[in-house]
Amino acid sequence: PFICLSNAETACPLDWILSLASELENIFREKVAINTPFKGGYTIRHHASEMNWMQLEFSRTLDVSAQQKGKSLLKALKNWIFKLGKYSD
């Protein structure tokens, strides 16, 4: 997949990972995979009981530059954080 989000299936609230996936899909116009093919690495599996974790991986494709991936990711994260704050009460 172009983007994979993972949370070891329990490391963060389901609505967080689904809402971030939605924001990423809106910005990148690509389907975001969740917990497949990756479910999360060592940090997520061993420290999830301490705090919420989510892992994000990008494809290494050269179709989109690293600079463009970074700019678009920042935009998606800003949108996501704004929406989380709006609904956190």
# chains A, B, ... in the order shown; residues from 1 in each chain; ligands from 1

call {"tool": "residues_around", "arguments": {"residues": "Asp15 in chain A", "least_positions_apart": "3", "cutoff": "12 Å", "atoms": "only C-alpha atoms", "output": "PyMOL selection string"}}
result
chain A and resi 7+9-12+18-22+54+80+83-84+87-88

call {"tool": "residues_around", "arguments": {"residues": "range 62-67 of chain A", "least_positions_apart": "5", "cutoff": "10 Å", "atoms": "only C-alpha atoms", "output": "short mmCIF file (atom, residue, chain, number, x, y, z; two decimals) with all heavy atoms, in the first residue's frame"}}
result
data_model
loop_
_atom_site.label_atom_id
_atom_site.label_comp_id
_atom_site.auth_asym_id
_atom_site.auth_seq_id
_atom_site.Cartn_x
_atom_site.Cartn_y
_atom_site.Cartn_z
N PHE A 28 -4.08 12.47 0.06
CA PHE A 28 -3.24 11.73 -0.89
C PHE A 28 -4.02 11.08 -2.02
O PHE A 28 -3.44 10.63 -2.99
CB PHE A 28 -2.41 10.67 -0.15
CG PHE A 28 -1.28 11.24 0.63
CD1 PHE A 28 -1.41 11.50 1.98
CD2 PHE A 28 -0.07 11.53 0.03
CE1 PHE A 28 -0.35 12.02 2.73
CE2 PHE A 28 0.99 12.05 0.75
CZ PHE A 28 0.85 12.30 2.10
N SER A 72 2.22 17.05 2.47
CA SER A 72 0.86 16.52 2.48
C SER A 72 0.54 15.85 3.81
O SER A 72 -0.57 15.97 4.33
CB SER A 72 0.67 15.54 1.33
OG SER A 72 0.82 16.21 0.09
N LEU A 73 1.52 15.15 4.38
CA LEU A 73 1.32 14.53 5.69
C LEU A 73 1.05 15.59 6.75
O LEU A 73 0.14 15.45 7.57
CB LEU A 73 2.54 13.68 6.08
CG LEU A 73 2.51 13.10 7.50
CD1 LEU A 73 1.31 12.19 7.70
CD2 LEU A 73 3.81 12.37 7.78
#

call {"tool": "residues_around", "arguments": {"residues": "Lys75 in chain A", "least_positions_apart": "5", "cutoff": "10 Å", "atoms": "only C-alpha atoms", "output": "CSV table (one decimal) with all heavy atoms, in the first residue's frame"}}
result
chain,number,residue,atom,x,y,z
A,23,GLU,N,-8.4,11.2,6.8
A,23,GLU,CA,-7.7,12.5,6.4
A,23,GLU,C,-6.6,12.2,5.4
A,23,GLU,O,-6.4,13.0,4.5
A,23,GLU,CB,-7.1,13.1,7.7
A,23,GLU,CG,-8.1,13.8,8.6
A,23,GLU,CD,-9.0,14.9,7.9
A,23,GLU,OE1,-8.4,15.6,7.0
A,23,GLU,OE2,-10.1,15.0,8.2
A,24,LEU,N,-5.8,11.1,5.6
A,24,LEU,CA,-4.8,10.8,4.7
A,24,LEU,C,-5.3,10.5,3.3
A,24,LEU,O,-4.8,10.9,2.3
A,24,LEU,CB,-3.9,9.6,5.2
A,24,LEU,CG,-3.1,10.0,6.5
A,24,LEU,CD1,-2.6,8.7,7.1
A,24,LEU,CD2,-1.9,10.9,6.1
A,27,ILE,N,-6.2,13.7,1.5
A,27,ILE,CA,-5.1,14.5,1.0
A,27,ILE,C,-4.4,13.8,-0.1
A,27,ILE,O,-4.0,14.4,-1.1
A,27,ILE,CB,-4.1,14.8,2.2
A,27,ILE,CG1,-4.8,15.6,3.2
A,27,ILE,CG2,-2.9,15.4,1.7
A,27,ILE,CD1,-5.3,17.0,2.8
A,69,LYS,N,5.4,14.3,0.1
A,69,LYS,CA,4.8,13.4,1.1
A,69,LYS,C,4.8,14.1,2.4
A,69,LYS,O,3.8,14.1,3.2
A,69,LYS,CB,5.6,12.1,1.2
A,69,LYS,CG,5.4,11.1,0.1
A,69,LYS,CD,6.3,9.9,0.3
A,69,LYS,CE,6.3,9.0,-0.9
A,69,LYS,NZ,7.3,7.9,-0.7
A,70,GLY,N,5.9,14.8,2.8
A,70,GLY,CA,6.0,15.5,4.1
A,70,GLY,C,5.0,16.7,4.2
A,70,GLY,O,4.3,16.8,5.2
A,80,TRP,N,-6.5,16.5,11.0
A,80,TRP,CA,-6.9,15.5,12.0
A,80,TRP,C,-6.9,16.0,13.4
A,80,TRP,O,-7.8,15.8,14.1
A,80,TRP,CB,-5.9,14.3,11.8
A,80,TRP,CG,-6.2,13.1,12.7
A,80,TRP,CD1,-7.4,12.4,12.7
A,80,TRP,CD2,-5.4,12.6,13.7
A,80,TRP,NE1,-7.3,11.4,13.7
A,80,TRP,CE2,-6.0,11.5,14.3
A,80,TRP,CE3,-4.1,12.9,14.2
A,80,TRP,CZ2,-5.5,10.7,15.3
A,80,TRP,CZ3,-3.6,12.2,15.2
A,80,TRP,CH2,-4.2,11.1,15.7

call {"tool": "select_by_dssp", "arguments": {"residues": "range 50-86 of chain A", "states": "alpha helix (DSSP H)", "output": "PDB file with N, CA, C and O atoms, in the first residue's frame"}}
result
ATOM      1  N   ALA A  66       9.713  12.846  -1.512  1.00  0.00           N
ATOM      2  CA  ALA A  66       9.709  12.878  -0.049  1.00  0.00           C
ATOM      3  C   ALA A  66       9.219  14.234   0.451  1.00  0.00           C
ATOM      4  O   ALA A  66       8.500  14.314   1.451  1.00  0.00           O
ATOM      5  N   GLN A  67       9.586  15.300  -0.239  1.00  0.00           N
ATOM      6  CA  GLN A  67       9.154  16.640   0.151  1.00  0.00           C
ATOM      7  C   GLN A  67       7.631  16.763   0.045  1.00  0.00           C
ATOM      8  O   GLN A  67       6.979  17.295   0.942  1.00  0.00           O
ATOM      9  N   GLN A  68       7.060  16.261  -1.037  1.00  0.00           N
ATOM     10  CA  GLN A  68       5.605  16.342  -1.210  1.00  0.00           C
ATOM     11  C   GLN A  68       4.885  15.454  -0.187  1.00  0.00           C
ATOM     12  O   GLN A  68       3.847  15.833   0.355  1.00  0.00           O
ATOM     13  N   LYS A  69       5.441  14.273   0.082  1.00  0.00           N
ATOM     14  CA  LYS A  69       4.846  13.407   1.107  1.00  0.00           C
ATOM     15  C   LYS A  69       4.820  14.140   2.449  1.00  0.00           C
ATOM     16  O   LYS A  69       3.814  14.120   3.157  1.00  0.00           O
ATOM     17  N   GLY A  70       5.929  14.793   2.784  1.00  0.00           N
ATOM     18  CA  GLY A  70       6.015  15.514   4.060  1.00  0.00           C
ATOM     19  C   GLY A  70       5.017  16.654   4.151  1.00  0.00           C
ATOM     20  O   GLY A  70       4.337  16.813   5.173  1.00  0.00           O
ATOM     21  N   LYS A  71       4.920  17.455   3.090  1.00  0.00           N
ATOM     22  CA  LYS A  71       3.974  18.576   3.095  1.00  0.00           C
ATOM     23  C   LYS A  71       2.532  18.086   3.200  1.00  0.00           C
ATOM     24  O   LYS A  71       1.726  18.643   3.950  1.00  0.00           O
ATOM     25  N   SER A  72       2.225  17.046   2.466  1.00  0.00           N
ATOM     26  CA  SER A  72       0.864  16.521   2.481  1.00  0.00           C
ATOM     27  C   SER A  72       0.543  15.850   3.812  1.00  0.00           C
ATOM     28  O   SER A  72      -0.573  15.975   4.325  1.00  0.00           O
ATOM     29  N   LEU A  73       1.515  15.146   4.383  1.00  0.00           N
ATOM     30  CA  LEU A  73       1.317  14.529   5.692  1.00  0.00           C
ATOM     31  C   LEU A  73       1.054  15.587   6.751  1.00  0.00           C
ATOM     32  O   LEU A  73       0.144  15.447   7.570  1.00  0.00           O
ATOM     33  N   LEU A  74       1.817  16.652   6.733  1.00  0.00           N
ATOM     34  CA  LEU A  74       1.627  17.728   7.706  1.00  0.00           C
ATOM     35  C   LEU A  74       0.224  18.321   7.586  1.00  0.00           C
ATOM     36  O   LEU A  74      -0.455  18.558   8.592  1.00  0.00           O
ATOM     37  N   LYS A  75      -0.242  18.509   6.367  1.00  0.00           N
ATOM     38  CA  LYS A  75      -1.594  19.032   6.163  1.00  0.00           C
ATOM     39  C   LYS A  75      -2.645  18.070   6.726  1.00  0.00           C
ATOM     40  O   LYS A  75      -3.582  18.494   7.417  1.00  0.00           O
ATOM     41  N   ALA A  76      -2.478  16.773   6.453  1.00  0.00           N
ATOM     42  CA  ALA A  76      -3.430  15.782   6.960  1.00  0.00           C
ATOM     43  C   ALA A  76      -3.419  15.744   8.486  1.00  0.00           C
ATOM     44  O   ALA A  76      -4.473  15.675   9.122  1.00  0.00           O
ATOM     45  N   LEU A  77      -2.227  15.800   9.086  1.00  0.00           N
ATOM     46  CA  LEU A  77      -2.130  15.772  10.552  1.00  0.00           C
ATOM     47  C   LEU A  77      -2.763  17.006  11.180  1.00  0.00           C
ATOM     48  O   LEU A  77      -3.442  16.906  12.206  1.00  0.00           O
ATOM     49  N   LYS A  78      -2.557  18.171  10.582  1.00  0.00           N
ATOM     50  CA  LYS A  78      -3.180  19.393  11.099  1.00  0.00           C
ATOM     51  C   LYS A  78      -4.699  19.285  11.043  1.00  0.00           C
ATOM     52  O   LYS A  78      -5.397  19.637  12.006  1.00  0.00           O
ATOM     53  N   ASN A  79      -5.230  18.789   9.926  1.00  0.00           N
ATOM     54  CA  ASN A  79      -6.680  18.609   9.798  1.00  0.00           C
ATOM     55  C   ASN A  79      -7.196  17.635  10.851  1.00  0.00           C
ATOM     56  O   ASN A  79      -8.225  17.870  11.493  1.00  0.00           O
ATOM     57  N   TRP A  80      -6.478  16.536  11.024  1.00  0.00           N
ATOM     58  CA  TRP A  80      -6.883  15.487  11.967  1.00  0.00           C
ATOM     59  C   TRP A  80      -6.876  16.011  13.403  1.00  0.00           C
ATOM     60  O   TRP A  80      -7.829  15.800  14.144  1.00  0.00           O
ATOM     61  N   ILE A  81      -5.816  16.705  13.785  1.00  0.00           N
ATOM     62  CA  ILE A  81      -5.711  17.234  15.144  1.00  0.00           C
ATOM     63  C   ILE A  81      -6.822  18.264  15.397  1.00  0.00           C
ATOM     64  O   ILE A  81      -7.433  18.280  16.469  1.00  0.00           O
ATOM     65  N   PHE A  82      -7.090  19.102  14.420  1.00  0.00           N
ATOM     66  CA  PHE A  82      -8.163  20.078  14.557  1.00  0.00           C
ATOM     67  C   PHE A  82      -9.499  19.373  14.801  1.00  0.00           C
ATOM     68  O   PHE A  82     -10.251  19.741  15.696  1.00  0.00           O
ATOM     69  N   LYS A  83      -9.777  18.341  14.026  1.00  0.00           N
ATOM     70  CA  LYS A  83     -11.043  17.617  14.170  1.00  0.00           C
ATOM     71  C   LYS A  83     -11.106  16.855  15.486  1.00  0.00           C
ATOM     72  O   LYS A  83     -12.165  16.782  16.114  1.00  0.00           O
ATOM     73  N   LEU A  84      -9.994  16.282  15.931  1.00  0.00           N
ATOM     74  CA  LEU A  84      -9.979  15.592  17.225  1.00  0.00           C
ATOM     75  C   LEU A  84     -10.292  16.565  18.356  1.00  0.00           C
ATOM     76  O   LEU A  84     -11.068  16.247  19.253  1.00  0.00           O
ATOM     77  N   GLY A  85      -9.698  17.733  18.309  1.00  0.00           N
ATOM     78  CA  GLY A  85      -9.941  18.736  19.333  1.00  0.00           C
ATOM     79  C   GLY A  85     -11.378  19.202  19.347  1.00  0.00           C
ATOM     80  O   GLY A  85     -11.968  19.464  20.394  1.00  0.00           O
ATOM     81  N   LYS A  86     -11.968  19.278  18.165  1.00  0.00           N
ATOM     82  CA  LYS A  86     -13.337  19.728  18.020  1.00  0.00           C
ATOM     83  C   LYS A  86     -14.327  18.751  18.657  1.00  0.00           C
ATOM     84  O   LYS A  86     -15.371  19.147  19.142  1.00  0.00           O
TER      85      LYS A  86
END

call {"tool": "select_by_dssp", "arguments": {"residues": "range 37-85 of chain A", "states": "strand (DSSP E)", "output": "PyMOL selection string"}}
result
chain A and resi 55-58

call {"tool": "write_last_selection", "arguments": {"atoms": "C-alpha atoms", "output": "PDB file, in the first residue's frame"}}
result
ATOM      1  CA  GLN A  55       2.603   3.815  13.381  1.00  0.00           C
ATOM      2  CA  LEU A  56       2.563   5.353   9.902  1.00  0.00           C
ATOM      3  CA  GLU A  57       4.529   3.985   6.971  1.00  0.00           C
ATOM      4  CA  PHE A  58       4.823   5.353   3.450  1.00  0.00           C
TER       5      PHE A  58
END

call {"tool": "residues_around", "arguments": {"residues": "Thr36 in chain A", "least_positions_apart": "3", "cutoff": "10 Å", "atoms": "only C-alpha atoms", "output": "ChimeraX atom specification"}}
result
/A:1,4-6,8,32-33,39-40

call {"tool": "write_last_selection", "arguments": {"atoms": "N, CA and C atoms", "output": "tab-separated table (two decimals), in the first residue's frame"}}
result
chain	number	residue	atom	x	y	z
A	1	PRO	N	0.82	-1.21	0.00
A	1	PRO	CA	0.00	0.00	0.00
A	1	PRO	C	0.87	1.27	0.00
A	4	CYS	N	0.39	2.90	5.13
A	4	CYS	CA	-0.09	1.90	6.08
A	4	CYS	C	-0.09	2.51	7.47
A	5	LEU	N	-1.22	2.45	8.15
A	5	LEU	CA	-1.34	2.84	9.55
A	5	LEU	C	-1.48	1.57	10.37
A	6	SER	N	-0.79	1.53	11.48
A	6	SER	CA	-0.93	0.35	12.33
A	6	SER	C	-0.95	0.76	13.80
A	8	ALA	N	-1.24	-2.19	16.20
A	8	ALA	CA	-1.23	-3.51	16.83
A	8	ALA	C	-2.65	-3.91	17.25
A	32	VAL	N	-5.76	3.95	2.33
A	32	VAL	CA	-4.84	3.72	3.44
A	32	VAL	C	-5.12	2.34	4.02
A	33	ALA	N	-4.08	1.53	4.12
A	33	ALA	CA	-4.21	0.20	4.73
A	33	ALA	C	-4.10	0.35	6.24
A	39	LYS	N	1.33	-4.66	11.41
A	39	LYS	CA	0.47	-4.44	12.58
A	39	LYS	C	1.12	-3.53	13.61
A	40	GLY	N	2.35	-3.13	13.39
A	40	GLY	CA	3.05	-2.28	14.34
A	40	GLY	C	4.33	-2.95	14.80

call {"tool": "closest_residue", "arguments": {"among": "A:Asn52, A:Trp16, A:Tyr42, A:Ile3", "to": "Arg29 in chain A", "atoms": "only C-alpha atoms"}}
result
A:Ile3

call {"tool": "atom_distance", "arguments": {"atom1": "CA of Ser59 in chain A", "atom2": "CA of Glu25 in chain A"}}
result
14.2 Å

call {"tool": "atom_distance", "arguments": {"atom1": "CA of Arg45 in chain A", "atom2": "CA of Arg60 in chain A"}}
result
24.0 Å

call {"tool": "atom_distance", "arguments": {"atom1": "CA of Met51 in chain A", "atom2": "CA of Pro13 in chain A"}}
result
10.9 Å
